$ cat run09.pdb   # PDB, C-alpha atoms
ATOM      1  CA  MET A   1      27.496 -36.578 -21.229
ATOM      2  CA  LEU A   2      27.579 -32.791 -21.524
ATOM      3  CA  PRO A   3      26.378 -30.654 -18.611
ATOM      4  CA  ASN A   4      23.042 -28.899 -18.899
ATOM      5  CA  ARG A   5      23.234 -25.277 -20.052
ATOM      6  CA  ASP A   6      21.212 -24.148 -16.992
ATOM      7  CA  SER A   7      23.706 -25.666 -14.585
ATOM      8  CA  ILE A   8      26.716 -23.659 -15.819
ATOM      9  CA  PRO A   9      26.288 -19.877 -15.761
ATOM     10  CA  VAL A  10      28.041 -18.140 -18.605
ATOM     11  CA  GLY A  11      29.261 -14.544 -18.135
ATOM     12  CA  GLY A  12      26.287 -12.965 -19.891
ATOM     13  CA  ASP A  13      23.808 -15.165 -18.044
ATOM     14  CA  VAL A  14      25.082 -14.022 -14.654
ATOM     15  CA  VAL A  15      24.624 -10.365 -15.637
ATOM     16  CA  LEU A  16      21.182 -11.123 -17.048
ATOM     17  CA  GLU A  17      20.177 -12.921 -13.843
ATOM     18  CA  GLY A  18      21.309  -9.907 -11.813
ATOM     19  CA  VAL A  19      19.227  -7.537 -13.956
ATOM     20  CA  MET A  20      16.166  -9.783 -13.815
ATOM     21  CA  SER A  21      16.570 -10.181 -10.072
ATOM     22  CA  SER A  22      16.649  -6.412  -9.549
ATOM     23  CA  ILE A  23      13.610  -5.957 -11.808
ATOM     24  CA  LYS A  24      11.700  -8.608  -9.863
ATOM     25  CA  ASN A  25      12.704  -7.005  -6.563
ATOM     26  CA  GLU A  26      11.562  -3.605  -7.793
ATOM     27  CA  LEU A  27       8.265  -5.054  -9.019
ATOM     28  CA  VAL A  28       7.611  -6.757  -5.687
ATOM     29  CA  HIS A  29       8.502  -3.528  -3.862
ATOM     30  CA  LEU A  30       6.087  -1.482  -6.016
ATOM     31  CA  LEU A  31       3.294  -4.020  -5.600
ATOM     32  CA  ALA A  32       3.814  -3.997  -1.839
ATOM     33  CA  ASN A  33       3.632  -0.193  -1.741
ATOM     34  CA  TYR A  34       0.454  -0.058  -3.851
ATOM     35  CA  GLY A  35      -1.132  -2.855  -1.823
ATOM     36  CA  HIS A  36      -0.311  -1.015   1.387
ATOM     37  CA  VAL A  37      -1.852   2.204   0.077
ATOM     38  CA  GLY A  38      -5.029   0.471  -1.115
ATOM     39  CA  PHE A  39      -5.529  -1.635   1.998
ATOM     40  CA  THR A  40      -4.918   1.289   4.350
ATOM     41  CA  PHE A  41      -7.277   3.588   2.425
ATOM     42  CA  VAL A  42     -10.115   1.055   2.422
ATOM     43  CA  ALA A  43      -9.537   0.100   6.069
ATOM     44  CA  CYS A  44      -9.768   3.755   7.172
ATOM     45  CA  ILE A  45     -13.050   4.203   5.328
ATOM     46  CA  PHE A  46     -14.585   1.040   6.794
ATOM     47  CA  ILE A  47     -13.446   1.870  10.325
ATOM     48  CA  GLY A  48     -14.942   5.379  10.073
ATOM     49  CA  LEU A  49     -18.166   4.031   8.593
ATOM     50  CA  GLY A  50     -18.392   1.322  11.245
ATOM     51  CA  GLY A  51     -17.817   3.853  14.013
ATOM     52  CA  GLY A  52     -20.578   6.061  12.647
ATOM     53  CA  ILE A  53     -23.012   3.165  12.387
ATOM     54  CA  LEU A  54     -22.097   2.069  15.914
ATOM     55  CA  LEU A  55     -22.791   5.560  17.257
ATOM     56  CA  ASP A  56     -26.106   5.788  15.415
ATOM     57  CA  GLN A  57     -27.442   2.355  16.328
ATOM     58  CA  LYS A  58     -25.985   1.508  19.746
ATOM     59  CA  VAL A  59     -25.178   4.774  21.491
ATOM     60  CA  PHE A  60     -28.072   6.955  20.315
ATOM     61  CA  ASP A  61     -30.595   4.105  19.653
ATOM     62  CA  GLY A  62     -31.219   5.152  16.040
ATOM     63  CA  ARG A  63     -32.486   8.648  16.934
ATOM     64  CA  THR A  64     -29.695  10.245  14.885
ATOM     65  CA  ALA A  65     -30.028   7.617  12.167
ATOM     66  CA  PRO A  66     -28.000   8.721   9.163
ATOM     67  CA  TRP A  67     -26.059  11.616  10.650
ATOM     68  CA  PHE A  68     -23.301   9.882  12.584
ATOM     69  CA  THR A  69     -22.985   7.358   9.764
ATOM     70  CA  PHE A  70     -22.256  10.204   7.346
ATOM     71  CA  ILE A  71     -19.932  11.904   9.824
ATOM     72  CA  GLY A  72     -18.068   8.639  10.439
ATOM     73  CA  LEU A  73     -17.805   8.064   6.695
ATOM     74  CA  ALA A  74     -16.436  11.585   6.201
ATOM     75  CA  PHE A  75     -13.864  11.067   8.970
ATOM     76  CA  GLY A  76     -12.917   7.708   7.438
ATOM     77  CA  ILE A  77     -12.399   9.230   4.004
ATOM     78  CA  ALA A  78     -10.374  12.092   5.510
ATOM     79  CA  ALA A  79      -8.222   9.624   7.471
ATOM     80  CA  GLY A  80      -7.773   7.535   4.315
ATOM     81  CA  PHE A  81      -6.509  10.524   2.354
ATOM     82  CA  LYS A  82      -4.278  11.599   5.239
ATOM     83  CA  THR A  83      -2.600   8.188   5.369
ATOM     84  CA  LEU A  84      -2.463   8.067   1.571
ATOM     85  CA  PHE A  85      -0.554  11.353   1.450
ATOM     86  CA  ALA A  86       1.679  10.316   4.360
ATOM     87  CA  ILE A  87       2.637   7.096   2.562
ATOM     88  CA  LEU A  88       3.228   8.928  -0.728
ATOM     89  CA  TRP A  89       5.397  11.610   0.940
ATOM     90  CA  ARG A  90       7.397   8.921   2.747
ATOM     91  CA  THR A  91       7.907   7.039  -0.526
ATOM     92  CA  LYS A  92       8.887  10.269  -2.314
ATOM     93  CA  ASP A  93      11.444  11.113   0.386
ATOM     94  CA  THR A  94      12.888   7.596   0.240
ATOM     95  CA  GLY A  95      13.127   7.816  -3.560
ATOM     96  CA  ASN A  96      15.070  11.080  -3.374
ATOM     97  CA  LYS A  97      17.601   9.543  -0.987
ATOM     98  CA  ASP A  98      18.135   6.637  -3.383
ATOM     99  CA  ASP A  99      18.704   9.064  -6.278
ATOM    100  CA  ASP A 100      21.327  11.028  -4.322
ATOM    101  CA  ARG A 101      23.389   7.900  -3.677
ATOM    102  CA  GLY A 102      23.839   7.197  -7.324
TER
END
$ encode --input "run09.pdb" --output "structure tokens"
Amino acid sequence: MLPNRDSIPVGGDVVLEGVMSSIKNELVHLLANYGHVGFTFVACIFIGLGGGILLDQKVFDGRTAPWFTFIGLAFGIAAGFKTLFAILWRTKDTGNKDDDRG
């Protein structure tokens, strides 16, 4: 009985597996970066919004009703953009180091 083609790697198959493996690794790396950016951005907004609602409802007993909510939302959006730019700059710097190596 002849061996299965999948069980014996031929020269071209090994190279093809290496290329596919690097493409899959790159895809997973990109998805992880984009997921990190999205999750961090949304988390910052919700934390700022929650802090503003907490200040309005619990600390000031609703006397300042929408104001601290809006302020908290603005701080959350600002923090989201700050972390977004920090992640993008870090990724850009890492990409430049990879390009210099060859």
$ resolve_selection --input "run09.pdb" --expression "the PyMOL selection byres ((chain A and resi 69) around 8)" --output "number ranges by chain"
A: 49-53, 55-56, 65-68, 70-73
$ write_last_selection --input "run09.pdb" --atoms "C-alpha atoms" --output "PDB file, in the coordinates of the input"
ATOM      1  CA  LEU A  49     -18.166   4.031   8.593  1.00  0.00           C
ATOM      2  CA  GLY A  50     -18.392   1.322  11.245  1.00  0.00           C
ATOM      3  CA  GLY A  51     -17.817   3.853  14.013  1.00  0.00           C
ATOM      4  CA  GLY A  52     -20.578   6.061  12.647  1.00  0.00           C
ATOM      5  CA  ILE A  53     -23.012   3.165  12.387  1.00  0.00           C
ATOM      6  CA  LEU A  55     -22.791   5.560  17.257  1.00  0.00           C
ATOM      7  CA  ASP A  56     -26.106   5.788  15.415  1.00  0.00           C
ATOM      8  CA  ALA A  65     -30.028   7.617  12.167  1.00  0.00           C
ATOM      9  CA  PRO A  66     -28.000   8.721   9.163  1.00  0.00           C
ATOM     10  CA  TRP A  67     -26.059  11.616  10.650  1.00  0.00           C
ATOM     11  CA  PHE A  68     -23.301   9.882  12.584  1.00  0.00           C
ATOM     12  CA  PHE A  70     -22.256  10.204   7.346  1.00  0.00           C
ATOM     13  CA  ILE A  71     -19.932  11.904   9.824  1.00  0.00           C
ATOM     14  CA  GLY A  72     -18.068   8.639  10.439  1.00  0.00           C
ATOM     15  CA  LEU A  73     -17.805   8.064   6.695  1.00  0.00           C
TER      16      LEU A  73
END
$ atom_distance --input "run09.pdb" --atom1 "atom CA of A:Gly62" --atom2 "atom CA of A:Phe46"
19.5 Å
$ atom_distance --input "run09.pdb" --atom1 "atom CA of A:Ile87" --atom2 "atom CA of A:Asn25"
19.6 Å
$ closest_residue --input "run09.pdb" --among "A:Thr64, A:Thr40, A:Thr94, A:Gln57" --to "A:Gly76" --atoms "all atoms listed in the file"
A:Thr40
$ resolve_selection --input "run09.pdb" --expression "the PyMOL selection byres ((chain A and resi 37) around 12)" --output "number ranges by chain"
A: 30-36, 38-44, 80-91
